[in-house]
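Data block for target_34.tsv (TSV, C-alpha atoms):
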```tsv
chain	number	residue	atom	x	y	z
A	288	MET	CA	-66.40	-34.09	-34.38
A	289	ALA	CA	-67.02	-37.43	-36.16
A	290	ILE	CA	-67.04	-39.32	-32.85
A	291	LYS	CA	-69.52	-36.81	-31.39
A	292	LYS	CA	-71.85	-37.43	-34.34
A	293	LEU	CA	-71.50	-41.19	-33.90
A	294	ASN	CA	-72.25	-40.80	-30.18
A	295	ASP	CA	-75.29	-38.67	-31.02
A	296	PHE	CA	-76.55	-41.36	-33.38
A	297	TYR	CA	-76.13	-44.19	-30.88
A	298	PHE	CA	-77.14	-42.42	-27.67
A	299	LYS	CA	-79.93	-40.26	-29.14
A	300	LYS	CA	-81.40	-41.89	-32.25
A	301	LEU	CA	-81.04	-45.40	-30.80
A	302	SER	CA	-82.01	-44.35	-27.28
A	303	SER	CA	-85.05	-45.80	-25.51
A	304	TRP	CA	-86.61	-42.34	-25.57
A	305	ASN	CA	-86.41	-42.03	-29.37
A	306	LEU	CA	-87.43	-45.63	-30.09
A	307	ILE	CA	-90.15	-46.00	-27.46
A	308	HIS	CA	-90.94	-43.25	-24.97
A	309	SER	CA	-91.23	-40.37	-27.46
A	310	PHE	CA	-94.35	-42.18	-28.72
A	311	MET	CA	-95.70	-42.48	-25.15
A	312	LYS	CA	-95.68	-38.85	-24.02
A	313	GLY	CA	-99.34	-39.05	-23.01
A	314	PHE	CA	-98.65	-41.91	-20.64
A	315	TRP	CA	-95.65	-40.06	-19.15
A	316	ARG	CA	-97.88	-37.01	-18.55
A	317	ALA	CA	-100.48	-39.23	-16.89
A	318	PHE	CA	-97.79	-40.83	-14.70
A	319	PHE	CA	-96.40	-37.49	-13.50
A	320	LEU	CA	-99.94	-36.15	-12.99
A	321	LEU	CA	-100.83	-39.14	-10.79
A	322	VAL	CA	-97.61	-38.72	-8.78
A	323	LEU	CA	-98.42	-35.02	-8.32
A	324	LEU	CA	-101.97	-35.82	-7.22
A	325	LEU	CA	-100.57	-38.44	-4.85
A	326	ILE	CA	-98.28	-35.83	-3.24
A	327	VAL	CA	-101.12	-33.30	-2.94
A	328	GLY	CA	-103.38	-36.02	-1.52
A	329	ASN	CA	-100.75	-36.94	1.07
A	330	VAL	CA	-100.44	-33.32	2.20
A	331	ILE	CA	-104.22	-33.02	2.57
A	332	VAL	CA	-104.57	-36.37	4.36
A	333	MET	CA	-101.75	-35.56	6.79
A	334	ASN	CA	-103.53	-32.37	7.81
A	335	LEU	CA	-106.79	-34.25	8.43
A	336	VAL	CA	-105.77	-37.54	10.06
A	337	ASP	CA	-103.99	-38.32	13.31
A	338	ASN	CA	-100.18	-38.29	13.45
A	339	ARG	CA	-100.02	-42.05	13.96
A	340	PHE	CA	-101.34	-42.57	10.41
A	341	PHE	CA	-98.55	-40.53	8.78
A	342	ILE	CA	-96.16	-43.44	8.24
A	343	PRO	CA	-98.80	-45.88	6.80
A	344	VAL	CA	-100.04	-43.19	4.41
A	345	ILE	CA	-96.49	-42.44	3.20
A	346	LEU	CA	-95.71	-46.17	2.79
A	347	VAL	CA	-98.88	-46.73	0.74
A	348	SER	CA	-98.00	-43.72	-1.44
A	349	LEU	CA	-94.46	-45.00	-2.00
A	350	LEU	CA	-95.87	-48.38	-3.08
A	351	CYS	CA	-98.28	-46.68	-5.49
A	352	ILE	CA	-95.50	-44.92	-7.46
A	353	PRO	CA	-93.80	-48.11	-8.78
A	354	LEU	CA	-97.29	-49.56	-9.44
A	355	PHE	CA	-98.20	-46.52	-11.56
A	356	TYR	CA	-94.86	-46.79	-13.36
A	357	TYR	CA	-95.41	-50.47	-14.12
A	358	LEU	CA	-98.95	-49.97	-15.42
A	359	LEU	CA	-98.48	-46.74	-17.34
A	360	ILE	CA	-94.84	-46.91	-18.55
A	361	TYR	CA	-93.25	-50.37	-18.37
A	362	ASN	CA	-96.32	-52.35	-19.41
A	363	ARG	CA	-97.22	-49.90	-22.17
A	364	ALA	CA	-93.64	-49.86	-23.45
A	365	LYS	CA	-93.65	-53.65	-23.63
A	366	LYS	CA	-96.91	-53.59	-25.62
A	367	PHE	CA	-95.54	-50.81	-27.82
A	368	ILE	CA	-92.40	-52.70	-28.93
A	369	LYS	CA	-94.54	-55.77	-29.57
A	370	THR	CA	-96.97	-53.97	-31.89
A	371	ARG	CA	-94.56	-51.43	-33.44
A	372	TYR	CA	-91.39	-53.50	-33.86
A	373	GLN	CA	-92.66	-57.11	-33.45
A	374	LEU	CA	-90.34	-57.65	-30.47
A	375	ARG	CA	-91.27	-59.98	-27.62
A	376	ASN	CA	-89.20	-58.37	-24.86
A	377	PHE	CA	-86.57	-55.75	-24.07
A	378	LYS	CA	-83.71	-58.20	-24.74
A	379	GLU	CA	-84.79	-58.31	-28.37
A	380	LEU	CA	-84.90	-54.50	-28.32
A	381	ALA	CA	-81.19	-54.49	-27.33
A	382	VAL	CA	-80.44	-56.85	-30.25
A	383	MET	CA	-82.40	-54.58	-32.60
A	384	ARG	CA	-80.42	-51.53	-31.44
A	385	ARG	CA	-77.22	-53.45	-32.12
A	386	TYR	CA	-78.41	-54.36	-35.61
A	387	LEU	CA	-79.38	-50.74	-36.32
A	388	LEU	CA	-75.88	-49.65	-35.31
A	389	PHE	CA	-74.40	-52.40	-37.50
A	390	ALA	CA	-76.52	-51.39	-40.51
A	391	TYR	CA	-75.68	-47.71	-40.02
A	392	LEU	CA	-71.94	-48.39	-39.79
A	393	GLU	CA	-72.15	-50.66	-42.84
A	394	LYS	CA	-73.84	-47.86	-44.77
A	395	SER	CA	-71.08	-45.51	-43.61
A	396	GLY	CA	-68.40	-47.77	-45.10
A	397	PHE	CA	-67.54	-50.10	-42.20
A	398	SER	CA	-68.74	-53.37	-43.66
A	399	SER	CA	-66.12	-55.83	-42.38
A	400	ARG	CA	-64.52	-56.79	-39.07
A	401	ASP	CA	-61.26	-55.15	-40.15
A	402	ASP	CA	-63.09	-51.91	-40.93
A	403	LEU	CA	-64.69	-51.95	-37.50
A	404	GLU	CA	-61.29	-52.59	-35.91
A	405	LYS	CA	-60.00	-49.44	-37.61
A	406	LEU	CA	-63.04	-47.56	-36.32
A	407	LEU	CA	-62.31	-48.76	-32.77
A	408	ARG	CA	-58.72	-47.49	-33.06
A	409	PHE	CA	-60.04	-44.17	-34.36
A	410	ILE	CA	-62.48	-43.86	-31.42
A	411	HIS	CA	-59.72	-44.65	-28.89
A	412	SER	CA	-57.35	-42.12	-30.48
A	413	GLU	CA	-60.03	-39.40	-30.53
A	414	MET	CA	-60.91	-39.99	-26.88
A	415	ALA	CA	-57.24	-40.05	-25.87
A	416	GLU	CA	-56.76	-36.71	-27.63
A	417	GLU	CA	-59.79	-35.28	-25.82
A	418	LYS	CA	-58.38	-36.37	-22.44
A	419	LYS	CA	-55.05	-34.71	-23.27
A	420	ASN	CA	-56.88	-31.45	-24.02
A	421	TYR	CA	-58.42	-31.45	-20.54
A	422	LYS	CA	-55.11	-31.88	-18.68
A	423	PRO	CA	-53.55	-28.47	-19.50
A	424	LEU	CA	-56.66	-26.73	-18.15
A	425	SER	CA	-55.79	-27.55	-14.53
A	426	THR	CA	-52.29	-26.14	-15.03
A	427	MET	CA	-53.67	-23.03	-16.74
A	428	ILE	CA	-56.14	-22.40	-13.90
A	429	GLY	CA	-53.36	-22.78	-11.33
A	430	VAL	CA	-51.06	-20.41	-13.22
A	431	PHE	CA	-53.88	-17.88	-13.63
A	432	ILE	CA	-54.66	-17.91	-9.88
A	433	ALA	CA	-50.97	-17.58	-8.95
A	434	ALA	CA	-50.38	-14.73	-11.43
A	435	PHE	CA	-53.55	-12.91	-10.41
A	436	LEU	CA	-52.71	-13.09	-6.72
A	437	ALA	CA	-49.06	-12.12	-7.30
A	438	ILE	CA	-50.08	-8.97	-9.22
A	439	LEU	CA	-52.86	-8.12	-6.78
A	440	GLY	CA	-50.72	-8.79	-3.72
A	441	GLY	CA	-47.76	-6.85	-5.06
A	442	SER	CA	-49.94	-3.85	-5.89
A	443	PHE	CA	-51.58	-3.76	-2.47
A	444	LEU	CA	-48.41	-4.29	-0.47
A	445	PHE	CA	-46.48	-1.74	-2.53
A	446	LEU	CA	-49.06	0.98	-1.80
A	447	MET	CA	-49.18	0.33	1.96
A	448	ASN	CA	-46.64	1.66	4.42
A	449	ASP	CA	-48.27	0.63	7.69
A	450	VAL	CA	-47.40	-2.87	8.94
A	451	ALA	CA	-50.93	-3.52	10.21
A	452	GLU	CA	-52.41	-2.60	6.82
A	453	ARG	CA	-49.96	-4.93	5.08
A	454	LEU	CA	-50.93	-7.72	7.46
A	455	ILE	CA	-54.64	-7.20	6.75
A	456	ALA	CA	-53.95	-7.13	3.00
A	457	ALA	CA	-51.95	-10.37	3.27
A	458	VAL	CA	-54.85	-12.07	5.12
A	459	ILE	CA	-57.31	-10.86	2.46
A	460	ILE	CA	-55.05	-12.23	-0.28
A	461	ILE	CA	-54.81	-15.62	1.47
A	462	VAL	CA	-58.62	-15.76	1.81
A	463	MET	CA	-59.00	-14.88	-1.87
A	464	ALA	CA	-56.47	-17.59	-2.74
A	465	ILE	CA	-58.54	-20.17	-0.86
A	466	VAL	CA	-61.78	-19.00	-2.54
A	467	LEU	CA	-60.21	-19.03	-6.00
A	468	TYR	CA	-58.65	-22.43	-5.32
A	469	PHE	CA	-62.05	-23.98	-4.52
A	470	PHE	CA	-63.58	-22.16	-7.48
A	471	GLY	CA	-60.92	-23.69	-9.72
A	472	ILE	CA	-61.54	-27.15	-8.24
A	473	THR	CA	-65.28	-26.78	-8.95
A	474	ILE	CA	-64.60	-25.86	-12.58
A	475	MET	CA	-62.22	-28.81	-12.99
A	476	SER	CA	-64.71	-31.23	-11.41
A	477	VAL	CA	-67.32	-30.12	-13.98
A	478	ILE	CA	-64.81	-30.63	-16.78
A	479	ARG	CA	-63.73	-34.01	-15.40
A	480	SER	CA	-67.36	-35.14	-15.03
A	481	LYS	CA	-67.91	-34.36	-18.71
A	482	SER	CA	-64.76	-36.30	-19.55
A	483	GLU	CA	-65.94	-39.24	-17.44
A	484	ILE	CA	-69.34	-39.24	-19.17
A	485	ASN	CA	-67.60	-39.28	-22.55
A	486	ALA	CA	-65.36	-42.13	-21.36
A	487	LYS	CA	-68.42	-44.16	-20.32
A	488	LYS	CA	-70.03	-43.50	-23.70
A	489	GLU	CA	-66.83	-44.59	-25.44
A	490	HIS	CA	-66.75	-47.80	-23.37
A	491	GLU	CA	-70.39	-48.64	-24.16
A	492	LEU	CA	-70.02	-47.83	-27.85
A	493	THR	CA	-66.83	-49.86	-28.25
A	494	LYS	CA	-68.48	-52.76	-26.41
A	495	GLU	CA	-71.34	-52.70	-28.93
A	496	ILE	CA	-68.94	-52.56	-31.88
A	497	ILE	CA	-66.98	-55.53	-30.49
A	498	ALA	CA	-70.29	-57.42	-30.11
A	499	ILE	CA	-71.05	-56.63	-33.76
A	500	GLN	CA	-67.60	-57.94	-34.74
A	501	THR	CA	-68.34	-61.15	-32.84
A	502	ALA	CA	-71.68	-61.53	-34.62
A	503	MET	CA	-69.94	-61.03	-37.99
A	504	LEU	CA	-67.36	-63.66	-37.07
A	505	VAL	CA	-70.14	-66.12	-36.21
A	506	THR	CA	-71.78	-65.41	-39.57
A	507	GLU	CA	-68.49	-66.03	-41.41
A	508	ASN	CA	-67.68	-69.31	-39.67
A	509	THR	CA	-71.13	-70.88	-39.24
A	510	SER	CA	-74.51	-71.02	-40.96
A	511	TYR	CA	-76.08	-68.96	-38.16
A	512	HIS	CA	-76.90	-65.31	-38.89
A	513	PRO	CA	-77.50	-63.40	-35.60
A	514	PHE	CA	-79.05	-60.37	-37.32
A	515	LEU	CA	-81.18	-62.13	-39.95
A	516	ALA	CA	-84.47	-61.94	-38.01
A	517	MET	CA	-83.84	-58.31	-37.04
A	518	GLU	CA	-82.99	-57.39	-40.61
A	519	LYS	CA	-86.41	-58.61	-41.76
A	520	LYS	CA	-88.21	-56.71	-38.99
A	521	VAL	CA	-86.31	-53.49	-39.68
A	522	ASN	CA	-86.97	-53.71	-43.42
A	523	GLU	CA	-90.70	-53.85	-42.66
A	524	ASN	CA	-90.59	-50.67	-40.56
A	525	ASP	CA	-90.20	-47.29	-42.30
A	526	PHE	CA	-89.22	-45.49	-39.09
A	527	LEU	CA	-86.31	-47.88	-38.45
A	528	LYS	CA	-85.20	-47.77	-42.10
A	529	GLU	CA	-85.10	-43.99	-41.86
A	530	ILE	CA	-82.77	-44.25	-38.84
A	531	ILE	CA	-80.34	-46.46	-40.80
A	532	THR	CA	-80.28	-44.06	-43.73
A	533	SER	CA	-79.36	-41.13	-41.52
A	534	ARG	CA	-76.47	-38.95	-42.62
A	535	SER	CA	-73.10	-40.62	-42.08
A	536	PHE	CA	-71.15	-39.50	-39.00
A	537	LEU	CA	-68.12	-38.99	-41.27
```
Is it possible to give me this structure as structure tokens?
Amino acid sequence: MAIKKLNDFYFKKLSSWNLIHSFMKGFWRAFFLLVLLLIVGNVIVMNLVDNRFFIPVILVSLLCIPLFYYLLIYNRAKKFIKTRYQLRNFKELAVMRRYLLFAYLEKSGFSSRDDLEKLLRFIHSEMAEEKKNYKPLSTMIGVFIAAFLAILGGSFLFLMNDVAERLIAAVIIIVMAIVLYFFGITIMSVIRSKSEINAKKEHELTKEIIAIQTAMLVTENTSYHPFLAMEKKVNENDFLKEIITSRSFL
């Protein structure tokens, strides 16, 4: 539960959507509206012009989409972080996200490299436990299918005296076994995909924490403070200060 809250903080509150794009909803609407108008325009043009112009029209439309994205989303996002957070580029945004995570963890009681090392061990243990919980599910599904078919098959075959009827029932049971097998595989693939997503999140989060540990080590051994400039910028922004003071994941 604690790791889920920490993941929610990092991947939701520190996401690009929360920090940037949630303030640009009007530009996103304009972008999607232009793309929609472009599609409608293509359909109309294709009905009016000769077939030989189809490919040029489609190519021009495909070139317009990244142009719209650059003008309405990327360019506006770059201007937004410059005016809102005093950041020159998206690399500085990544550094700011790292500092926000550092400040949040420090507020939650992880103020030293040793504390963060304990947090990393805790994250690994929680994720390992989650992976263990997924493994018995495949066995349970297999046992359920086998038991269900054994009961169903026994009941059918017990009630039938004719050999032909028993043969038909056996074929039906085999078909059901195949269907249930693929149904079980589908369920397990969904479960595994969720587990893989969580594993990727764990990897990214631990990578950020290790980067914070490295920055703390640099601060301890040299006069350079990697987060000093970001600390000043965050302290001047009420929205960012509110993120840091969010409820602890513990």
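Taking atom CA of A:Thr532 and atom CA of A:Glu489 as the two end points, the separation is 22.7 Å.
Distance annotation: of A:Phe409, A:Phe514, A:Trp315, A:Tyr391, the residue with the minimal separation from A:Thr493 is A:Phe409; atom set is only C-alpha atoms.
Across the model, the gap from atom CA of A:Val382 to atom CA of A:Lys366 is 17.4 Å.
Pairwise distance (atom CA of A:Asn376, atom CA of A:Ala516) equals 14.4 Å.
Proximity to A:Leu407 at 9 Å, evaluated using all atoms listed in the file and with sequence-adjacent residues fewer than 4 positions away removed, yields Asp402, Leu403, His411, Ser412, Thr493, Ile496 and Ile497 of chain A.
When all atoms listed in the file are used to measure the gap to A:Leu492, the shortest distance among A:Leu527, A:Leu454, A:Leu406, A:Leu350 belongs to A:Leu406.
Of the residues listed (A:Pro353, A:Gln373, A:Val344, A:Ile360), A:Val344 shows the shortest atom-to-atom separation from A:Ile326; distances use all atoms listed in the file.
Nearest to A:Phe536 of all the residues A:Val466, A:Ile499, A:Ile368, A:Leu392 is A:Leu392, based on only C-alpha atoms.
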